[in-house]
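As stored in model.cif (mmCIF, C-alpha atoms):
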```
data_target
loop_
_atom_site.label_atom_id
_atom_site.label_comp_id
_atom_site.auth_asym_id
_atom_site.auth_seq_id
_atom_site.Cartn_x
_atom_site.Cartn_y
_atom_site.Cartn_z
CA MET D 1 -22.29 48.28 2.19
CA GLY D 2 -22.67 45.74 5.03
CA LYS D 3 -20.34 44.72 7.80
CA LEU D 4 -16.73 44.36 6.71
CA GLU D 5 -14.27 41.62 7.59
CA PRO D 6 -13.05 42.09 11.20
CA VAL D 7 -10.20 44.49 11.85
CA ARG D 8 -8.68 44.66 15.33
CA VAL D 9 -7.98 48.21 16.46
CA CYS D 10 -6.32 49.48 19.62
CA MET D 11 -7.48 53.05 20.34
CA ALA D 12 -5.02 54.99 22.48
CA THR D 13 -6.32 58.22 23.97
CA THR D 14 -5.97 60.47 26.99
CA THR D 15 -9.73 61.16 27.03
CA PHE D 16 -12.52 58.61 27.10
CA PRO D 17 -15.70 58.12 29.16
CA ARG D 18 -14.75 57.14 32.70
CA TRP D 19 -17.75 54.80 32.86
CA ALA D 20 -20.80 54.01 30.74
CA GLY D 21 -22.81 57.17 30.01
CA ASP D 22 -20.10 59.55 31.20
CA GLY D 23 -19.89 62.95 29.51
CA GLN D 24 -16.08 62.94 29.22
CA GLY D 25 -14.91 62.26 25.66
CA PRO D 26 -18.32 61.06 24.38
CA PHE D 27 -17.29 61.58 20.75
CA LEU D 28 -14.56 58.96 21.17
CA TRP D 29 -17.14 56.55 22.49
CA GLY D 30 -19.23 57.43 19.44
CA LEU D 31 -16.35 56.50 17.15
CA ALA D 32 -15.57 53.29 19.03
CA ALA D 33 -19.22 52.22 18.96
CA GLY D 34 -19.58 53.23 15.31
CA VAL D 35 -16.69 51.14 14.03
CA ARG D 36 -17.67 48.30 16.39
CA ASP D 37 -21.07 48.18 14.67
CA LEU D 38 -19.25 47.70 11.36
CA GLY D 39 -17.43 44.62 12.63
CA VAL D 40 -14.26 46.17 14.07
CA ASP D 41 -12.86 44.57 17.22
CA VAL D 42 -12.10 47.60 19.41
CA ARG D 43 -10.03 47.82 22.57
CA VAL D 44 -9.24 51.18 24.18
CA VAL D 45 -6.22 52.21 26.26
CA THR D 46 -6.87 55.47 28.08
CA MET D 47 -6.08 57.51 31.18
CA HIS D 48 -7.28 56.33 34.57
CA ASN D 49 -9.42 58.70 36.63
CA PRO D 50 -10.22 58.32 40.33
CA GLY D 51 -13.30 56.12 40.62
CA SER D 52 -13.06 54.51 37.19
CA ALA D 53 -12.41 50.80 36.58
CA THR D 54 -8.95 49.79 35.44
CA HIS D 55 -10.50 47.25 33.05
CA GLU D 56 -14.05 46.74 31.82
CA VAL D 57 -16.09 45.91 28.75
CA ILE D 58 -18.69 48.51 27.73
CA GLU D 59 -21.17 47.22 25.16
CA GLY D 60 -18.58 45.02 23.51
CA VAL D 61 -15.70 47.54 23.67
CA GLU D 62 -12.85 46.50 25.95
CA VAL D 63 -11.44 49.45 27.91
CA TRP D 64 -8.13 49.54 29.79
CA ARG D 65 -7.38 52.38 32.22
CA PRO D 66 -4.08 51.54 33.93
CA ARG D 67 -3.18 53.43 37.11
CA TYR D 68 -0.27 55.88 36.77
CA TRP D 69 0.01 57.51 40.21
CA GLY D 70 -0.61 56.65 43.82
CA PRO D 71 -2.71 57.03 45.79
CA GLU D 72 -5.58 56.88 43.30
CA SER D 73 -7.18 60.05 44.69
CA ALA D 74 -4.01 62.00 43.76
CA GLU D 75 -4.28 61.27 40.03
CA ALA D 76 -4.80 64.81 38.77
CA LEU D 77 -4.05 65.02 35.05
CA ARG D 78 -7.76 65.36 34.25
CA ARG D 79 -8.94 66.94 37.49
CA GLU D 80 -10.55 69.87 35.62
CA GLY D 81 -12.02 70.45 32.18
CA GLY D 82 -9.87 71.72 29.36
CA GLY D 83 -7.40 68.90 28.94
CA LEU D 84 -3.75 68.37 29.73
CA PRO D 85 -2.46 71.71 28.36
CA VAL D 86 -4.71 73.61 30.79
CA MET D 87 -3.67 71.49 33.77
CA TRP D 88 -0.02 71.89 32.77
CA GLN D 89 -0.30 75.68 32.79
CA LYS D 90 -2.48 76.13 35.87
CA TYR D 91 -0.96 73.54 38.21
CA PRO D 92 2.83 73.21 37.78
CA TRP D 93 2.95 70.41 40.35
CA VAL D 94 0.81 68.24 38.06
CA ARG D 95 3.68 68.15 35.58
CA ALA D 96 5.37 65.55 37.79
CA GLN D 97 2.66 63.08 36.77
CA ILE D 98 3.20 63.47 33.01
CA ALA D 99 6.30 61.26 32.80
CA PRO D 100 4.82 58.36 34.85
CA PHE D 101 1.63 58.53 32.82
CA GLY D 102 3.61 58.61 29.58
CA MET D 103 5.53 55.48 30.52
CA VAL D 104 2.39 53.62 31.63
CA HIS D 105 0.50 54.75 28.53
CA THR D 106 3.34 53.74 26.18
CA TRP D 107 3.72 50.29 27.72
CA ASN D 108 0.01 49.50 27.77
CA THR D 109 -0.57 50.83 24.27
CA ALA D 110 2.21 48.56 23.02
CA ARG D 111 0.90 45.63 25.04
CA ARG D 112 -2.65 45.90 23.68
CA GLY D 113 -1.42 46.97 20.27
CA ARG D 114 0.49 43.73 19.77
CA ASP D 115 -2.84 41.89 19.70
CA SER D 116 -4.32 44.35 17.21
CA ASP D 117 -3.95 45.04 13.51
CA LEU D 118 -3.25 48.73 14.04
CA ILE D 119 -3.15 51.47 16.67
CA HIS D 120 -5.43 54.49 16.36
CA ALA D 121 -4.00 57.23 18.60
CA HIS D 122 -6.00 60.33 19.50
CA TRP D 123 -4.12 63.55 20.25
CA SER D 124 -0.40 63.95 19.87
CA LEU D 125 0.53 62.60 23.32
CA SER D 126 -0.99 59.21 22.56
CA ALA D 127 0.55 59.34 19.08
CA GLY D 128 3.94 59.82 20.73
CA ALA D 129 3.28 56.88 23.05
CA ALA D 130 2.36 54.67 20.10
CA VAL D 131 5.50 55.73 18.22
CA LEU D 132 7.79 55.14 21.20
CA GLY D 133 6.27 51.68 21.69
CA ARG D 134 6.55 50.66 18.06
CA PRO D 135 9.57 48.34 18.65
CA LEU D 136 7.31 46.36 20.99
CA HIS D 137 4.06 46.29 19.04
CA ARG D 138 5.29 46.63 15.40
CA ARG D 139 1.91 47.77 14.15
CA PRO D 140 0.89 50.65 11.84
CA ILE D 141 -0.27 53.84 13.60
CA ILE D 142 -3.02 56.31 12.70
CA ALA D 143 -2.93 59.60 14.62
CA THR D 144 -6.07 61.73 14.92
CA LEU D 145 -5.62 65.36 15.98
CA HIS D 146 -8.60 67.19 17.47
CA GLY D 147 -7.34 70.73 17.95
CA SER D 148 -6.17 71.32 21.52
CA ASP D 149 -2.93 69.45 20.89
CA ILE D 150 -2.15 71.84 18.05
CA PHE D 151 -3.63 75.09 19.40
CA ARG D 152 -1.92 74.79 22.81
CA ALA D 153 0.82 72.16 22.98
CA ALA D 154 2.28 73.11 19.60
CA LYS D 155 2.32 76.90 20.02
CA GLY D 156 5.92 77.14 21.20
CA LYS D 157 8.90 76.02 19.13
CA THR D 158 9.67 73.06 21.38
CA GLY D 159 6.06 71.88 21.54
CA ALA D 160 5.66 72.24 17.78
CA ALA D 161 8.86 70.30 17.13
CA LEU D 162 7.90 67.45 19.47
CA THR D 163 4.37 67.28 18.05
CA CYS D 164 5.68 67.24 14.49
CA GLU D 165 8.22 64.54 15.34
CA ALA D 166 5.62 62.27 16.96
CA VAL D 167 2.90 62.76 14.35
CA SER D 168 5.21 62.52 11.33
CA ARG D 169 6.35 59.07 12.44
CA CYS D 170 2.81 57.71 12.22
CA ASP D 171 1.58 55.96 9.10
CA ARG D 172 -1.42 58.22 8.58
CA VAL D 173 -2.83 61.38 10.17
CA THR D 174 -6.46 62.43 10.32
CA VAL D 175 -7.75 65.80 11.47
CA VAL D 176 -11.29 66.92 12.21
CA SER D 177 -11.37 69.93 9.86
CA ARG D 178 -9.58 71.46 6.87
CA ALA D 179 -8.59 74.43 9.03
CA LEU D 180 -6.84 72.11 11.47
CA ALA D 181 -5.12 70.34 8.57
CA GLN D 182 -3.54 73.67 7.59
CA ARG D 183 -2.32 74.19 11.15
CA VAL D 184 -0.74 70.73 11.16
CA VAL D 185 1.03 71.41 7.86
CA GLU D 186 2.36 74.66 9.32
CA ILE D 187 4.19 72.82 12.11
CA GLY D 188 5.92 70.61 9.55
CA VAL D 189 3.80 67.47 9.09
CA PRO D 190 3.81 66.43 5.40
CA GLU D 191 0.53 67.33 3.71
CA GLY D 192 0.36 63.99 1.91
CA MET D 193 -0.03 62.16 5.23
CA ILE D 194 -3.15 64.07 6.24
CA GLU D 195 -6.80 63.18 5.67
CA VAL D 196 -9.77 65.22 6.92
CA ILE D 197 -12.44 63.17 8.71
CA PRO D 198 -14.68 65.04 11.16
CA MET D 199 -16.06 63.61 14.36
CA GLY D 200 -19.71 62.63 14.26
CA VAL D 201 -22.96 62.54 16.21
CA ASN D 202 -25.49 59.82 16.94
CA THR D 203 -28.53 61.30 15.19
CA SER D 204 -30.70 58.44 16.43
CA SER D 205 -30.05 59.56 20.01
CA PHE D 206 -29.71 63.33 19.57
CA THR D 207 -33.14 64.09 18.13
CA PRO D 208 -35.42 67.13 18.01
CA VAL D 209 -38.39 67.65 20.32
CA ALA D 210 -41.62 69.51 19.63
CA PRO D 211 -41.05 73.30 19.54
CA GLU D 212 -43.53 73.81 22.37
CA ALA D 213 -41.38 71.53 24.59
CA ARG D 214 -38.54 74.04 24.46
CA GLY D 215 -38.08 76.78 27.03
CA PRO D 216 -36.54 80.27 26.99
CA TRP D 217 -33.01 78.95 27.37
CA ILE D 218 -29.71 79.82 25.70
CA VAL D 219 -27.06 77.13 26.31
CA PHE D 220 -23.28 76.92 26.29
CA ALA D 221 -21.68 73.47 26.68
CA GLY D 222 -17.94 72.92 27.06
CA SER D 223 -14.93 73.38 29.28
CA LEU D 224 -14.68 76.66 31.16
CA ILE D 225 -11.31 77.72 29.79
CA PRO D 226 -10.20 80.90 28.00
CA ARG D 227 -10.28 79.57 24.43
CA LYS D 228 -13.97 78.65 24.74
CA GLY D 229 -14.79 82.37 24.99
CA VAL D 230 -17.53 82.08 27.63
CA ARG D 231 -16.73 85.54 29.00
CA TYR D 232 -17.77 87.07 25.67
CA LEU D 233 -21.12 85.31 25.86
CA ILE D 234 -21.70 86.63 29.37
CA GLU D 235 -20.71 90.13 28.23
CA ALA D 236 -23.26 89.82 25.41
CA LEU D 237 -26.05 88.74 27.76
CA PRO D 238 -27.18 92.17 29.08
CA GLY D 239 -27.93 93.32 25.52
CA VAL D 240 -29.80 90.08 24.80
CA LEU D 241 -31.90 90.45 27.94
CA ARG D 242 -32.88 93.99 27.06
CA ALA D 243 -34.42 92.66 23.85
CA ARG D 244 -35.59 89.25 25.15
CA PRO D 245 -35.96 89.56 28.96
CA GLU D 246 -37.65 86.17 29.30
CA TYR D 247 -34.46 84.26 28.40
CA ARG D 248 -31.87 82.68 30.69
CA LEU D 249 -28.39 81.29 30.04
CA ALA D 250 -27.33 77.78 31.10
CA ILE D 251 -23.58 77.10 31.23
CA LEU D 252 -22.87 73.36 31.07
CA GLY D 253 -19.37 72.28 32.03
CA ASP D 254 -16.61 72.97 34.50
CA GLY D 255 -13.07 74.27 34.41
CA PRO D 256 -10.59 76.68 35.95
CA ASP D 257 -12.38 79.82 34.68
CA GLU D 258 -15.59 79.17 36.60
CA PRO D 259 -14.88 81.47 39.61
CA GLU D 260 -13.94 84.37 37.30
CA LEU D 261 -17.03 83.82 35.14
CA ARG D 262 -19.29 83.80 38.20
CA ARG D 263 -17.79 87.10 39.31
CA LEU D 264 -18.39 88.52 35.85
CA THR D 265 -22.10 87.67 36.02
CA GLU D 266 -22.27 89.54 39.35
CA THR D 267 -20.43 92.56 37.95
CA LEU D 268 -22.76 92.77 34.95
CA GLY D 269 -25.88 92.26 37.05
CA VAL D 270 -27.01 89.09 35.29
CA ALA D 271 -26.17 86.47 37.93
CA ASP D 272 -29.86 85.73 38.51
CA ARG D 273 -30.27 84.96 34.79
CA VAL D 274 -27.31 82.55 34.53
CA GLN D 275 -27.28 78.94 35.72
CA PHE D 276 -23.92 77.20 36.13
CA ALA D 277 -24.99 73.57 35.74
CA GLY D 278 -21.52 72.03 36.17
CA PHE D 279 -20.18 68.90 34.49
CA LEU D 280 -23.06 66.72 33.27
CA ALA D 281 -23.55 63.21 31.96
CA GLN D 282 -24.11 62.93 28.22
CA ASP D 283 -27.85 62.30 28.55
CA GLU D 284 -28.19 65.45 30.65
CA VAL D 285 -26.33 67.51 28.05
CA LYS D 286 -28.64 66.09 25.38
CA ALA D 287 -31.71 67.03 27.43
CA TRP D 288 -30.46 70.63 27.71
CA LEU D 289 -29.80 70.84 23.98
CA GLN D 290 -33.32 69.59 23.29
CA ARG D 291 -35.03 72.02 25.66
CA ALA D 292 -32.98 75.08 24.61
CA ARG D 293 -33.84 77.46 21.80
CA LEU D 294 -30.20 78.17 20.99
CA LEU D 295 -26.64 76.92 21.55
CA VAL D 296 -23.80 79.45 21.60
CA LEU D 297 -20.14 78.45 21.11
CA PRO D 298 -18.05 81.66 21.24
CA SER D 299 -14.64 79.95 20.95
CA THR D 300 -11.48 81.77 19.93
CA GLU D 301 -9.95 78.43 18.80
CA GLU D 302 -11.81 75.28 17.83
CA GLY D 303 -10.86 72.21 15.82
CA LEU D 304 -14.49 71.55 14.86
CA GLY D 305 -16.81 71.75 17.87
CA VAL D 306 -18.59 68.43 18.45
CA VAL D 307 -21.25 70.12 20.61
CA LEU D 308 -22.31 72.03 17.48
CA LEU D 309 -23.07 68.73 15.76
CA GLU D 310 -25.00 67.50 18.80
CA ALA D 311 -27.07 70.69 18.94
CA MET D 312 -27.85 70.59 15.23
CA ALA D 313 -28.90 66.95 15.49
CA CYS D 314 -31.39 68.11 18.14
CA GLY D 315 -32.69 70.73 15.73
CA THR D 316 -31.23 73.49 17.91
CA PRO D 317 -29.87 76.47 15.94
CA VAL D 318 -26.42 77.75 16.87
CA VAL D 319 -24.44 80.96 17.13
CA ALA D 320 -20.70 80.39 16.97
CA SER D 321 -17.41 82.10 16.19
CA ARG D 322 -16.23 82.23 12.60
CA VAL D 323 -12.89 80.64 13.48
CA ASP D 324 -10.86 77.54 12.55
CA GLY D 325 -13.08 74.52 11.81
CA ILE D 326 -16.40 75.92 13.04
CA PRO D 327 -17.51 77.22 9.58
CA GLU D 328 -17.04 73.68 8.28
CA ALA D 329 -19.67 72.46 10.75
CA VAL D 330 -22.12 75.38 10.66
CA THR D 331 -23.37 77.61 7.88
CA GLU D 332 -25.77 80.55 7.94
CA ARG D 333 -28.59 78.10 7.14
CA GLU D 334 -28.30 76.53 10.62
CA GLY D 335 -27.45 79.60 12.69
CA ARG D 336 -25.12 82.56 12.70
CA LEU D 337 -21.34 82.95 12.60
CA VAL D 338 -19.69 85.97 14.25
CA PRO D 339 -16.14 87.29 14.69
CA PRO D 340 -14.38 85.81 17.75
CA ALA D 341 -14.12 87.87 20.96
CA ASP D 342 -16.90 90.24 19.88
CA PRO D 343 -19.71 90.53 22.49
CA GLU D 344 -21.68 93.07 20.44
CA ALA D 345 -21.75 90.77 17.41
CA LEU D 346 -22.85 87.91 19.67
CA THR D 347 -25.68 90.01 21.05
CA ASP D 348 -26.99 90.87 17.59
CA ALA D 349 -26.70 87.29 16.31
CA ILE D 350 -28.42 85.77 19.34
CA ILE D 351 -31.34 88.19 19.09
CA ASP D 352 -31.59 87.46 15.36
CA VAL D 353 -31.74 83.68 15.83
CA LEU D 354 -34.32 83.94 18.61
CA ASP D 355 -36.70 85.65 16.20
CA GLU D 356 -39.83 83.53 16.16
CA GLU D 357 -40.41 83.74 12.39
CA GLY D 358 -36.99 82.46 11.32
CA TRP D 359 -36.27 79.99 14.11
CA MET D 360 -38.09 76.99 12.65
CA ALA D 361 -36.29 77.21 9.30
CA LEU D 362 -32.93 77.25 11.12
CA SER D 363 -34.00 74.30 13.28
CA LEU D 364 -35.02 72.15 10.31
CA ALA D 365 -31.84 73.00 8.39
CA ALA D 366 -29.69 72.18 11.43
CA ARG D 367 -31.20 68.71 11.77
CA GLU D 368 -30.91 68.08 8.04
CA ARG D 369 -27.22 68.97 7.95
CA ALA D 370 -26.36 66.88 10.99
CA VAL D 371 -28.00 63.79 9.50
CA ALA D 372 -26.58 64.27 6.01
CA GLN D 373 -23.01 65.23 6.90
CA PHE D 374 -22.11 64.10 10.42
CA ASP D 375 -24.07 60.99 11.38
CA TRP D 376 -21.76 58.39 12.92
CA ASN D 377 -22.87 55.83 10.33
CA HIS D 378 -21.12 57.92 7.64
CA ILE D 379 -18.06 58.87 9.71
CA ALA D 380 -17.44 55.37 11.07
CA ARG D 381 -17.47 53.89 7.54
CA ARG D 382 -14.79 56.36 6.48
CA TYR D 383 -12.61 55.28 9.39
CA VAL D 384 -13.14 51.58 8.71
CA GLU D 385 -12.14 52.16 5.09
CA LEU D 386 -9.01 53.96 6.32
CA TYR D 387 -8.21 51.12 8.74
CA ARG D 388 -8.38 48.61 5.93
CA ARG D 389 -6.17 50.72 3.66
CA VAL D 390 -3.54 51.11 6.38
CA VAL D 391 -3.60 47.44 7.36
CA GLY D 392 -3.50 46.42 3.70
#
```

As a first step, turn the structure in this file into structure tokens.
Amino acid sequence: MGKLEPVRVCMATTTFPRWAGDGQGPFLWGLAAGVRDLGVDVRVVTMHNPGSATHEVIEGVEVWRPRYWGPESAEALRREGGGLPVMWQKYPWVRAQIAPFGMVHTWNTARRGRDSDLIHAHWSLSAGAAVLGRPLHRRPIIATLHGSDIFRAAKGKTGAALTCEAVSRCDRVTVVSRALAQRVVEIGVPEGMIEVIPMGVNTSSFTPVAPEARGPWIVFAGSLIPRKGVRYLIEALPGVLRARPEYRLAILGDGPDEPELRRLTETLGVADRVQFAGFLAQDEVKAWLQRARLLVLPSTEEGLGVVLLEAMACGTPVVASRVDGIPEAVTEREGRLVPPADPEALTDAIIDVLDEEGWMALSLAARERAVAQFDWNHIARRYVELYRRVVG
């Protein structure tokens, strides 16, 4: 199947790389680049961040980031990791910026959508903006839900009702896992609207390295927020170090929980074995995944877990929670799945995966699954086929 006839798509999203190579929302760049390579004309409307350009073209993808607050340095909706629901809960004053952003996002989505064949909105907030702007753009809308908009924003009755209202008015809904599809049905979205298409990974970029190039590192990568479960990994670390004292833990990412997590490492006496690396560019995250022996994702909620796909593409085995969409990404052939919020189970699983005899089999299986199931070439084709069905 070669390149298809051009389709013009306006992607509306609250998260996207702030500049080329940025580590914020890299999976959305992966999707945009993937469908672009199949002949889709892509333009993106996203949230402005201090320091990012309001308009640029990145490798053929036109990106619009309209300002929504002044001065620029006061734009705070994505000041910390974890997304809008986290900022909403932690900083009540940030809520004042939601309405101005919503109006700016709605207008610009409609404006760019008018010159497109369809609008592809990511997360329920952008879906709502696309729906509100439909009288101006009059284009079909696909909404993709990734997890946080359902796990957090839709937990209360009001949030669930608003999410259902916005998403149900779209023409088609995609979700990144079957588990998330069930959650979306539970809030009232008709099942017949929903299609499961996971996010993907660039397996030509995320590649394995020689085993001897890896060091004694365990890695976590993600936002430092409660639902990522990092505290359970830190609580598991003393038991791991008793069995494998040569190992260290690298925590990649930032977020509101960082001060509490640092204190926990001090309390447990493992601070000298934990490195808080902060928010990193995508290439730096990839380098960590390639040098590590293991990735751990101890989430209590997770739509799918894109970092799992990235680790597996690097041939890095994983230990993750058996929750929501994670078992759809990882099986026991590529790592270990454990109950959420269970430090003792994490300890046992980590020690098991680090066993020298079984590690290579897990590594090879991880790479094989990433290439066969989650390469962007496969995922992008599914989206282009969906675009053409919706436009048709």

- Item | Chain and number of each residue from the PyMOL selection byres ((chain D and resi 227-230) around 7), as a ChimeraX atom specification | /D:224-226,231-234,298-301,341

- Pick out the closest residue to D:Ala12 from this set: D:Ala250, D:Ile58, D:Ala127, D:Leu241. Count all atoms listed in the file.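 Under the stated criterion, the closest residue is D:Ala127.
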
- Closest of D:Ala74, D:Met11, D:Val40, D:Val175 to D:Glu191 - atom-to-atom distances counting all atoms listed in the file: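 Between D:Ala74, D:Met11, D:Val40, D:Val175, the residue approaching D:Glu191 most closely is D:Val175.
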
- Would you please work out which residue, of D:Thr13, D:Arg172, D:Glu334, D:Gly192, is nearest to D:Thr109 when using all atoms listed in the file?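 Of D:Thr13, D:Arg172, D:Glu334, D:Gly192, the one nearest D:Thr109, counting all atoms listed in the file, is D:Thr13.
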
- Message: I'd like the interatomic distance between atom CA of D:Val240 and atom CA of D:Thr265, to a tenth of an Å.
- Response: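 Here the two named atoms are 13.8 Å from each other.
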
- Item | Selection result for the PyMOL selection byres ((chain D and resi 275) around 7) on this file, as number ranges by chain | D: 249-251, 273-274, 276-277

- Query: Mind telling me what the PyMOL selection byres ((chain D and resi 166) around 9) catches here, as a VMD selection string?
  - Reply: chain D and resid 124 to 125 127 to 132 161 to 165 167 to 170
